[in-house]
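Visitor: Provided herewith: start.txt, compact mmCIF, C-alpha atoms.
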```
# COMPACT_ATOMS: atom_id res chain seq x y z
CA MET A 1 -23.68 22.32 -6.17
CA ILE A 2 -22.55 25.54 -7.90
CA GLU A 3 -24.97 28.42 -7.32
CA LEU A 4 -25.96 30.25 -10.52
CA PRO A 5 -25.34 34.02 -10.67
CA LYS A 6 -28.34 36.31 -10.37
CA GLY A 7 -30.16 36.65 -13.72
CA LEU A 8 -28.82 33.40 -15.17
CA ALA A 9 -31.71 31.09 -16.07
CA GLU A 10 -31.98 27.62 -14.56
CA GLY A 11 -30.53 25.05 -16.97
CA SER A 12 -28.16 27.52 -18.66
CA PRO A 13 -24.45 26.67 -18.94
CA LEU A 14 -22.13 28.49 -16.56
CA TYR A 15 -18.68 29.75 -17.59
CA GLN A 16 -15.99 31.16 -15.32
CA ASN A 17 -14.33 33.86 -17.45
CA THR A 18 -10.94 35.44 -16.68
CA TYR A 19 -10.13 38.92 -18.04
CA GLU A 20 -6.84 40.83 -18.18
CA CYS A 21 -6.97 44.46 -19.33
CA PRO A 22 -3.90 46.25 -20.82
CA CYS A 23 -4.35 48.90 -18.12
CA GLY A 24 -3.31 46.31 -15.53
CA ASN A 25 -6.73 45.50 -14.12
CA ALA A 26 -7.63 41.77 -13.92
CA TRP A 27 -10.87 40.13 -12.80
CA GLU A 28 -13.11 37.06 -13.07
CA ASP A 29 -16.84 36.89 -13.75
CA GLN A 30 -19.47 34.22 -14.47
CA TRP A 31 -21.59 34.25 -17.64
CA ASP A 32 -23.55 31.82 -19.77
CA CYS A 33 -20.87 32.02 -22.49
CA GLY A 34 -17.28 33.15 -23.05
CA CYS A 35 -18.35 36.75 -23.72
CA ASP A 36 -16.57 40.12 -23.59
CA ASP A 37 -16.77 42.30 -20.47
CA ASP A 38 -16.07 45.94 -19.63
CA CYS A 39 -13.07 46.89 -17.52
CA ALA A 40 -14.18 48.67 -14.33
CA ALA A 41 -10.94 50.68 -14.25
CA CYS A 42 -10.78 52.17 -17.75
CA GLY A 43 -14.04 51.13 -19.43
CA SER A 44 -12.37 49.13 -22.27
CA THR A 45 -14.21 46.09 -23.68
CA ILE A 46 -12.03 43.02 -23.08
CA SER A 47 -12.29 39.44 -24.35
CA PRO A 48 -11.65 36.68 -21.80
CA THR A 49 -8.15 35.23 -21.66
CA ARG A 50 -9.68 32.03 -20.28
CA SER A 51 -13.23 30.66 -20.27
CA GLU A 52 -13.88 27.55 -18.17
CA LEU A 53 -17.14 25.60 -18.33
CA LYS A 54 -18.45 25.00 -14.81
CA VAL A 55 -22.01 23.75 -15.33
CA LEU A 56 -23.41 22.05 -18.42
CA GLY A 57 -26.47 23.58 -20.01
CA ALA A 58 -29.74 21.64 -20.00
CA GLU A 59 -29.78 21.37 -23.82
CA MET A 60 -26.23 20.01 -23.87
CA ILE A 61 -27.08 17.45 -21.19
CA ALA A 62 -30.25 16.38 -23.01
CA SER A 63 -28.32 16.00 -26.25
CA PHE A 64 -25.73 13.69 -24.73
CA MET A 65 -28.34 11.71 -22.79
CA GLN A 66 -30.05 11.10 -26.14
CA GLU A 67 -26.74 9.99 -27.70
CA PHE A 68 -25.75 7.89 -24.65
CA PRO A 69 -28.99 6.65 -23.02
CA VAL A 70 -28.77 5.35 -19.47
CA GLY A 71 -28.15 1.60 -19.64
CA SER A 72 -26.65 1.66 -23.14
CA ARG A 73 -23.57 -0.45 -23.92
CA ILE A 74 -20.53 1.71 -24.65
CA VAL A 75 -16.82 1.40 -25.42
CA VAL A 76 -14.32 3.60 -23.55
CA THR A 77 -10.90 4.15 -25.14
CA HIS A 78 -9.02 4.67 -21.90
CA PRO A 79 -5.51 6.22 -22.12
CA THR A 80 -4.00 3.50 -19.90
CA MET A 81 -6.58 0.68 -19.80
CA GLY A 82 -7.11 0.52 -23.57
CA ARG A 83 -10.51 -0.29 -25.09
CA THR A 84 -12.92 -1.32 -22.36
CA TYR A 85 -16.60 -2.19 -22.63
CA GLY A 86 -19.09 -0.90 -20.09
CA THR A 87 -22.54 0.52 -19.38
CA CYS A 88 -23.54 4.20 -19.39
CA MET A 89 -25.03 5.09 -16.01
CA GLY A 90 -25.81 8.74 -16.88
CA VAL A 91 -24.38 12.15 -17.81
CA GLN A 92 -22.82 14.34 -15.17
CA HIS A 93 -24.70 17.64 -14.70
CA THR A 94 -21.67 19.32 -13.22
CA ALA A 95 -18.22 19.14 -14.78
CA PHE A 96 -14.90 20.88 -14.89
CA GLU A 97 -14.11 19.76 -18.43
CA GLU A 98 -14.75 21.19 -21.87
CA GLN A 99 -16.76 18.05 -22.68
CA PRO A 100 -19.60 16.34 -20.80
CA VAL A 101 -18.52 13.58 -18.44
CA LEU A 102 -20.26 10.20 -18.54
CA ASP A 103 -20.78 8.01 -15.50
CA VAL A 104 -19.52 4.60 -16.69
CA GLN A 105 -19.67 1.17 -15.08
CA ALA A 106 -16.77 -0.52 -16.87
CA ASP A 107 -16.85 -4.31 -17.26
CA GLY A 108 -14.64 -6.04 -14.71
CA TYR A 109 -14.19 -2.97 -12.49
CA VAL A 110 -15.88 -2.37 -9.13
CA TYR A 111 -15.73 1.42 -9.16
CA ARG A 112 -17.35 3.60 -11.78
CA TRP A 113 -15.36 5.74 -14.19
CA LYS A 114 -15.89 9.39 -15.05
CA ALA A 115 -15.20 9.39 -18.79
CA PRO A 116 -15.19 12.48 -21.06
CA ALA A 117 -17.61 11.98 -23.94
CA GLY A 118 -14.73 12.37 -26.39
CA ILE A 119 -13.33 8.92 -25.48
CA VAL A 120 -16.69 7.11 -25.42
CA GLU A 121 -18.66 5.55 -28.26
CA ILE A 122 -21.75 3.38 -28.52
CA ALA A 123 -20.82 -0.32 -28.66
CA ARG A 124 -21.75 -2.08 -31.89
CA CYS A 125 -21.18 -5.51 -30.37
CA GLN A 126 -20.58 -7.02 -26.95
CA ARG A 127 -16.78 -7.08 -27.28
CA ASP A 128 -13.93 -6.51 -29.72
CA MET A 129 -13.05 -9.28 -32.12
CA ASP A 130 -10.07 -11.18 -30.80
CA ILE A 131 -7.60 -13.49 -32.43
CA GLY A 132 -9.60 -16.68 -31.88
CA ASP A 133 -12.66 -15.40 -33.73
CA LEU A 134 -11.01 -15.71 -37.15
CA LEU A 135 -8.14 -18.12 -36.55
CA ASN A 136 -9.76 -20.54 -34.13
CA LEU A 137 -7.11 -22.59 -32.34
CA ASP A 138 -9.01 -25.87 -32.61
CA MET A 139 -9.56 -25.29 -36.34
CA LEU A 140 -5.85 -24.61 -36.87
CA LYS A 141 -4.83 -27.69 -34.91
CA ALA A 142 -7.21 -29.88 -36.91
CA ALA A 143 -5.82 -28.52 -40.21
CA ILE A 144 -2.11 -28.38 -39.35
CA GLU A 145 -1.35 -30.98 -36.70
CA VAL A 146 -1.44 -33.81 -39.24
CA PRO A 147 1.37 -36.42 -39.38
CA PHE A 148 3.69 -36.14 -42.38
CA LEU A 149 6.77 -37.94 -43.60
CA GLY A 150 9.67 -35.62 -42.89
CA SER A 151 13.14 -36.07 -44.29
CA LEU A 152 16.39 -34.14 -44.65
CA TRP A 153 19.60 -35.52 -46.16
CA THR A 154 20.13 -38.81 -44.34
CA GLU A 155 17.96 -41.81 -43.57
CA GLY A 156 18.35 -41.17 -39.87
CA ASP A 157 16.69 -37.76 -40.23
CA SER A 158 13.56 -39.22 -41.84
CA GLY A 159 10.35 -40.31 -40.15
CA MET A 160 6.75 -39.46 -39.37
CA MET A 161 6.39 -36.07 -37.71
CA THR A 162 3.49 -33.94 -36.41
CA PRO A 163 3.67 -30.13 -36.26
CA HIS A 164 2.51 -28.25 -33.17
CA VAL A 165 0.22 -25.19 -33.22
CA CYS A 166 0.94 -22.97 -30.22
CA LYS A 167 -1.66 -21.22 -28.08
CA ALA A 168 0.60 -18.17 -27.87
CA SER A 169 -0.07 -15.25 -30.21
CA PHE A 170 1.44 -11.84 -30.96
CA GLY A 171 -0.28 -8.70 -32.24
CA ASP A 172 -3.25 -9.28 -34.56
CA GLY A 173 -2.22 -12.93 -35.05
CA MET A 174 -2.98 -12.85 -38.76
CA TYR A 175 0.39 -14.23 -39.89
CA LEU A 176 0.99 -17.96 -39.41
CA LEU A 177 4.70 -18.19 -38.63
CA THR A 178 6.47 -21.57 -38.82
CA ILE A 179 9.56 -22.20 -36.68
CA SER A 180 12.03 -25.06 -37.15
CA THR A 181 15.13 -25.56 -35.02
CA ILE A 182 18.38 -26.95 -36.39
CA HIS A 183 18.11 -30.13 -34.30
CA GLN A 184 14.37 -30.76 -34.79
CA ARG A 185 13.73 -29.83 -38.41
CA PRO A 186 11.84 -30.48 -40.60
CA ASN A 187 9.22 -30.66 -37.83
CA TYR A 188 7.93 -27.24 -36.86
CA TRP A 189 5.81 -25.11 -34.57
CA VAL A 190 3.15 -22.67 -35.80
CA VAL A 191 2.72 -19.37 -33.95
CA ARG A 192 0.17 -16.69 -34.82
CA VAL A 193 2.05 -13.38 -35.06
CA ASP A 194 1.32 -9.82 -36.17
CA SER A 195 0.72 -9.35 -39.91
CA SER A 196 3.12 -6.38 -39.93
CA TRP A 197 6.12 -8.61 -39.19
CA ARG A 198 8.37 -9.30 -42.17
CA GLU A 199 10.40 -12.48 -42.58
CA ALA A 200 13.27 -10.26 -43.76
CA ARG A 201 13.79 -6.56 -44.42
CA TYR A 202 13.90 -5.34 -47.99
CA GLY A 203 13.89 -2.04 -49.84
CA TYR A 204 14.60 1.55 -48.96
CA HIS A 205 12.40 1.61 -45.84
CA TRP A 206 13.82 -1.58 -44.34
CA PHE A 207 14.79 0.22 -41.13
CA ARG A 208 11.15 1.17 -40.46
CA GLU A 209 9.81 -2.36 -40.73
CA SER A 210 9.47 -4.91 -37.96
CA SER A 211 10.95 -8.30 -38.83
CA VAL A 212 10.54 -11.76 -37.36
CA GLY A 213 14.19 -11.57 -36.33
CA ASP A 214 13.37 -8.63 -34.04
CA HIS A 215 10.93 -10.82 -32.10
CA ILE A 216 12.34 -14.34 -32.47
CA ASP A 217 13.59 -14.51 -28.86
CA ASP A 218 10.07 -13.72 -27.60
CA VAL A 219 8.58 -16.34 -29.93
CA LEU A 220 11.02 -19.05 -28.81
CA THR A 221 10.37 -18.14 -25.16
CA ALA A 222 6.61 -18.51 -25.74
CA ILE A 223 7.16 -21.94 -27.32
CA GLU A 224 9.36 -23.04 -24.41
CA GLU A 225 6.85 -21.80 -21.81
CA GLU A 226 4.06 -23.75 -23.51
CA CYS A 227 5.86 -26.92 -24.61
CA GLY A 228 8.81 -27.15 -22.24
CA ARG A 229 12.54 -27.37 -22.87
CA ALA A 230 13.95 -30.59 -24.31
CA GLY A 231 16.48 -32.56 -22.29
CA GLU A 232 16.91 -34.15 -18.89
CA CYS A 233 16.16 -31.67 -16.11
CA LEU A 234 18.98 -31.34 -13.60
CA GLU A 235 19.32 -29.37 -10.41
CA ASP A 236 22.83 -28.26 -11.38
CA PRO A 237 24.25 -27.66 -14.87
CA CYS A 238 25.68 -30.72 -16.62
CA ASP A 239 29.51 -30.95 -16.42
CA ASN A 240 29.67 -31.71 -20.12
CA CYS A 241 27.18 -29.32 -21.77
CA ASP A 242 26.81 -26.83 -18.90
CA ASP A 243 23.02 -26.95 -19.24
CA THR A 244 20.35 -27.75 -16.64
CA THR A 245 18.37 -29.49 -19.41
CA CYS A 246 21.05 -31.98 -20.41
CA LYS A 247 21.04 -33.51 -23.89
CA CYS A 248 24.24 -35.53 -23.54
CA SER A 249 22.75 -38.94 -22.85
CA ASP A 250 22.96 -41.59 -25.58
CA ASP A 251 19.21 -42.15 -25.57
CA TYR A 252 18.36 -38.44 -26.08
CA SER A 253 16.55 -37.70 -29.35
CA ALA A 254 15.62 -34.16 -30.32
CA ASP A 255 12.98 -35.49 -32.74
CA GLU A 256 11.32 -37.61 -30.05
CA ALA A 257 11.44 -34.71 -27.58
CA PHE A 258 9.36 -32.52 -29.91
CA PRO A 259 7.29 -30.36 -29.23
CA GLU A 260 9.65 -29.65 -26.33
CA LEU A 261 12.08 -27.03 -27.60
CA ASP A 262 15.70 -27.77 -28.50
CA ASP A 263 16.96 -24.50 -29.96
CA ARG A 264 20.68 -25.18 -29.76
CA ASP A 265 22.51 -23.75 -32.78
CA GLY A 266 19.57 -21.62 -33.90
CA CYS A 267 16.40 -21.89 -35.93
CA SER A 268 14.80 -20.92 -39.21
CA TRP A 269 11.33 -19.67 -40.04
CA GLY A 270 8.75 -19.42 -42.78
CA HIS A 271 4.97 -19.10 -42.97
CA ILE A 272 1.79 -20.92 -43.93
CA ARG A 273 0.01 -19.47 -46.93
CA TRP A 274 -3.63 -18.54 -46.55
CA ASN A 275 -4.60 -20.34 -49.76
CA TRP A 276 -3.24 -23.60 -48.35
CA LEU A 277 -5.01 -23.07 -45.02
CA MET A 278 -8.37 -22.35 -46.66
CA ARG A 279 -8.07 -25.50 -48.78
CA ALA A 280 -7.13 -27.49 -45.69
CA ILE A 281 -10.30 -26.43 -43.86
CA GLY A 282 -12.46 -26.92 -46.95
CA MET A 283 -13.01 -23.24 -47.84
CA PRO A 284 -10.68 -22.61 -50.84
CA ASP A 285 -12.64 -19.60 -52.15
CA LEU A 286 -11.88 -17.62 -48.98
CA GLY A 287 -8.12 -17.73 -49.50
CA GLN A 288 -7.87 -14.42 -51.34
CA ALA A 289 -10.74 -12.74 -49.50
CA VAL A 290 -9.22 -12.93 -46.02
CA GLN A 291 -5.50 -12.76 -46.78
CA PRO A 292 -3.96 -9.92 -44.69
```
Just give me the structure as structure tokens.

Guide:
Amino acid sequence: MIELPKGLAEGSPLYQNTYECPCGNAWEDQWDCGCDDDCAACGSTISPTRSELKVLGAEMIASFMQEFPVGSRIVVTHPTMGRTYGTCMGVQHTAFEEQPVLDVQADGYVYRWKAPAGIVEIARCQRDMDIGDLLNLDMLKAAIEVPFLGSLWTEGDSGMMTPHVCKASFGDGMYLLTISTIHQRPNYWVVRVDSSWREARYGYHWFRESSVGDHIDDVLTAIEEECGRAGECLEDPCDNCDDTTCKCSDDYSADEAFPELDDRDGCSWGHIRWNWLMRAIGMPDLGQAVQP
């Protein structure tokens, strides 16, 4: 506990002031503010070169305890942990910061945090909205994973197919990306990706935009991790195709292997329009309202 200087009232803030006089004299003193002081060597009035808050004043503490009551739900924007919900356990009466420090019991952490008030706010809900709140996975699967008659140019490429909606998501997940591989089209996967991604770059600021092509390897990896890789699994690479998931056998069918991934020779992508999705789930009027 820091002892208050003589004459300083109980509950007053305490500042450690540093002074440097042009005459060469330097000293430190404690006051209830960052005030000027007289140089003992030459008598000049000098402003502090540094003023450090050591003890919070009673009024300041009371103000922050009113703003952040003990037991209130709060959100801490931590510089490394991100946004974390927790409970305010009190306001520190002693601090070495310019701002009050809150005693926080963060959700999911055993030890309490000491969080400056500047990175804390009162929680308006119990958690942040996440991707599943708006684009519920079960809802998407019910609307999209519906058999359709797919066809390309030949009779052998035609047949009933069922798309696959992936659990994986990227960013805010507000863009419904469709992925088709050369050997498994026109069947496709649907992956929720960030709404800032562009299917292609256009215009003067193209170099500042993030495109699907920049992230396609990550998307394909997520599909493979969830659905598996098409082909016969071998301990050693096949002598013919040099792949541990061999697709050389006569009975191999890329279409039948779906949703396992066969991304030989590349892929193409597109997206599902919000208007179509809202009609599919029976809420056509919301198409324009929620479009990112």

Visitor: Restricting the calculation to all atoms listed in the file: of A:Asp242, A:Asp218, A:Glu199, A:Glu121, which residue gets closest to A:Ser169?

Guide: A:Asp218

Visitor: Would you mind reading off the distance between atom CA of A:Glu260 and atom CA of A:Val219, one decimal, in Å?

Guide: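 Separating atom CA of A:Glu260 from atom CA of A:Val219 is a distance of 13.8 Å.
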
Visitor: One number please: atom CA of A:Lys141 to atom CA of A:Cys166, in Å, one decimal.

Guide: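 Going from atom CA of A:Lys141 over to atom CA of A:Cys166 covers 8.8 Å.
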
Visitor: Taking 3 positions as the minimum chain separation for residues in the same chain, which residues sit within 12 Å of A:Trp269 when counting all atoms listed in the file? Answer as a list in words.

Guide: Leu176, Leu177, Thr178, Ile179, Ser180, Thr181, Ile182, Arg185, Pro186, Asn187, Tyr188, Trp189, Val190, Val191, Arg198, Glu199, Ala200, Ser211, Val212, Gly213, His215, Ile216, Val219, Leu220, Gly266 and Ile272 of chain A

Visitor: Excluding stretch 74-79 of chain A and its own-chain neighbours fewer than 3 positions away, which residues fall within 12 Å of it when counting only C-alpha atoms? Please give them as a PyMOL selection string.

Guide: chain A and resi 67-71+82-90+101-107+113-128

Visitor: Could you name the residues that touch stretch 222-235 of chain A at 8 Å or less, counting only C-alpha atoms, but leaving out those on the same chain fewer than 3 positions away, as a list in words?

Guide: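 Within the cut-off, the hits are Cys166, Lys167, Ala168, Asp218, Val219, Cys238, Thr244, Thr245, Cys246, Lys247, Tyr252, Ala254, Ala257, Phe258, Pro259, Glu260, Leu261 and Asp262 of chain A.
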
Visitor: Work out how far atom CA of A:Tyr175 is from atom CA of A:Val146, in Å to one decimal.

Guide: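 Rounded to one decimal, the two atoms are 19.7 Å apart.
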
Visitor: Using all atoms listed in the file, collect all residues at a distance of at most 12 Å from (-13.0, 48.7, -18.4) as written in the file, then present them as a PyMOL selection string.

Guide: chain A and resi 19-27+36-47

Visitor: Include C-alpha atoms and write out the residues we just selected as a PDB file, in the coordinates of the input.

Guide:
```
ATOM      1  CA  TYR A  19     -10.130  38.920 -18.040  1.00  0.00           C
ATOM      2  CA  GLU A  20      -6.840  40.830 -18.180  1.00  0.00           C
ATOM      3  CA  CYS A  21      -6.970  44.460 -19.330  1.00  0.00           C
ATOM      4  CA  PRO A  22      -3.900  46.250 -20.820  1.00  0.00           C
ATOM      5  CA  CYS A  23      -4.350  48.900 -18.120  1.00  0.00           C
ATOM      6  CA  GLY A  24      -3.310  46.310 -15.530  1.00  0.00           C
ATOM      7  CA  ASN A  25      -6.730  45.500 -14.120  1.00  0.00           C
ATOM      8  CA  ALA A  26      -7.630  41.770 -13.920  1.00  0.00           C
ATOM      9  CA  TRP A  27     -10.870  40.130 -12.800  1.00  0.00           C
ATOM     10  CA  ASP A  36     -16.570  40.120 -23.590  1.00  0.00           C
ATOM     11  CA  ASP A  37     -16.770  42.300 -20.470  1.00  0.00           C
ATOM     12  CA  ASP A  38     -16.070  45.940 -19.630  1.00  0.00           C
ATOM     13  CA  CYS A  39     -13.070  46.890 -17.520  1.00  0.00           C
ATOM     14  CA  ALA A  40     -14.180  48.670 -14.330  1.00  0.00           C
ATOM     15  CA  ALA A  41     -10.940  50.680 -14.250  1.00  0.00           C
ATOM     16  CA  CYS A  42     -10.780  52.170 -17.750  1.00  0.00           C
ATOM     17  CA  GLY A  43     -14.040  51.130 -19.430  1.00  0.00           C
ATOM     18  CA  SER A  44     -12.370  49.130 -22.270  1.00  0.00           C
ATOM     19  CA  THR A  45     -14.210  46.090 -23.680  1.00  0.00           C
ATOM     20  CA  ILE A  46     -12.030  43.020 -23.080  1.00  0.00           C
ATOM     21  CA  SER A  47     -12.290  39.440 -24.350  1.00  0.00           C
TER      22      SER A  47
END
```

Visitor: Give as a list in words every residue, naming chains and numbers as the document does, that has an atom within 6 Å of (-0.4, -9.3, -35.7), counting only C-alpha atoms.

Guide: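 These residues have at least one counted atom within 6 Å: Phe170, Gly171, Asp172, Gly173, Met174, Val193, Asp194 and Ser195 of chain A.
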
Visitor: Restricting it to C-alpha atoms, dump the selection as an mmCIF file, keeping the file's coordinate frame.

Guide:
```cif
data_model
loop_
_atom_site.group_PDB
_atom_site.id
_atom_site.type_symbol
_atom_site.label_atom_id
_atom_site.label_comp_id
_atom_site.auth_asym_id
_atom_site.auth_seq_id
_atom_site.Cartn_x
_atom_site.Cartn_y
_atom_site.Cartn_z
ATOM 1 C CA PHE A 170 1.440 -11.840 -30.960
ATOM 2 C CA GLY A 171 -0.280 -8.700 -32.240
ATOM 3 C CA ASP A 172 -3.250 -9.280 -34.560
ATOM 4 C CA GLY A 173 -2.220 -12.930 -35.050
ATOM 5 C CA MET A 174 -2.980 -12.850 -38.760
ATOM 6 C CA VAL A 193 2.050 -13.380 -35.060
ATOM 7 C CA ASP A 194 1.320 -9.820 -36.170
ATOM 8 C CA SER A 195 0.720 -9.350 -39.910
#
```

Visitor: Kindly indicate which residue among A:Trp276, A:Trp197, A:Phe64, A:Tyr109 lies nearest to A:Ser210, using only C-alpha atoms for the distances.

Guide: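 Between A:Trp276, A:Trp197, A:Phe64, A:Tyr109, the residue approaching A:Ser210 most closely is A:Trp197.
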
Visitor: Which of these residues is nearest to A:Ser253, using all atoms listed in the file: A:Cys267, A:Gly150, A:Ser158, A:His183?

Guide: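 Comparing A:Cys267, A:Gly150, A:Ser158, A:His183 against A:Ser253, the winner is A:His183.
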
Visitor: Would you kindly return, as a PyMOL selection string, each protein, DNA or RNA residue with an atom no farther than 8 Å from any atom of A:Met161, considering only C-alpha atoms and excluding same-chain residues fewer than 2 positions away?

Guide: chain A and resi 147-150+159+163+187

Visitor: Write out as a list of chain:residue names each polymer residue whose atoms come within 6 Å of stretch 29-35 of chain A, counting only C-alpha atoms; drop sequence neighbours fewer than 5 positions from it.

Guide: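 Within the cut-off, the hits are A:Pro13, A:Leu14, A:Tyr15, A:Gln16, A:Asn17, A:Ser51.
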
Visitor: I need the residue nearest A:Met139 from this list: A:Thr221, A:Ala280, A:Thr162, A:Val91. Use all atoms listed in the file for the distance.

Guide: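 Between A:Thr221, A:Ala280, A:Thr162, A:Val91, the residue approaching A:Met139 most closely is A:Ala280.
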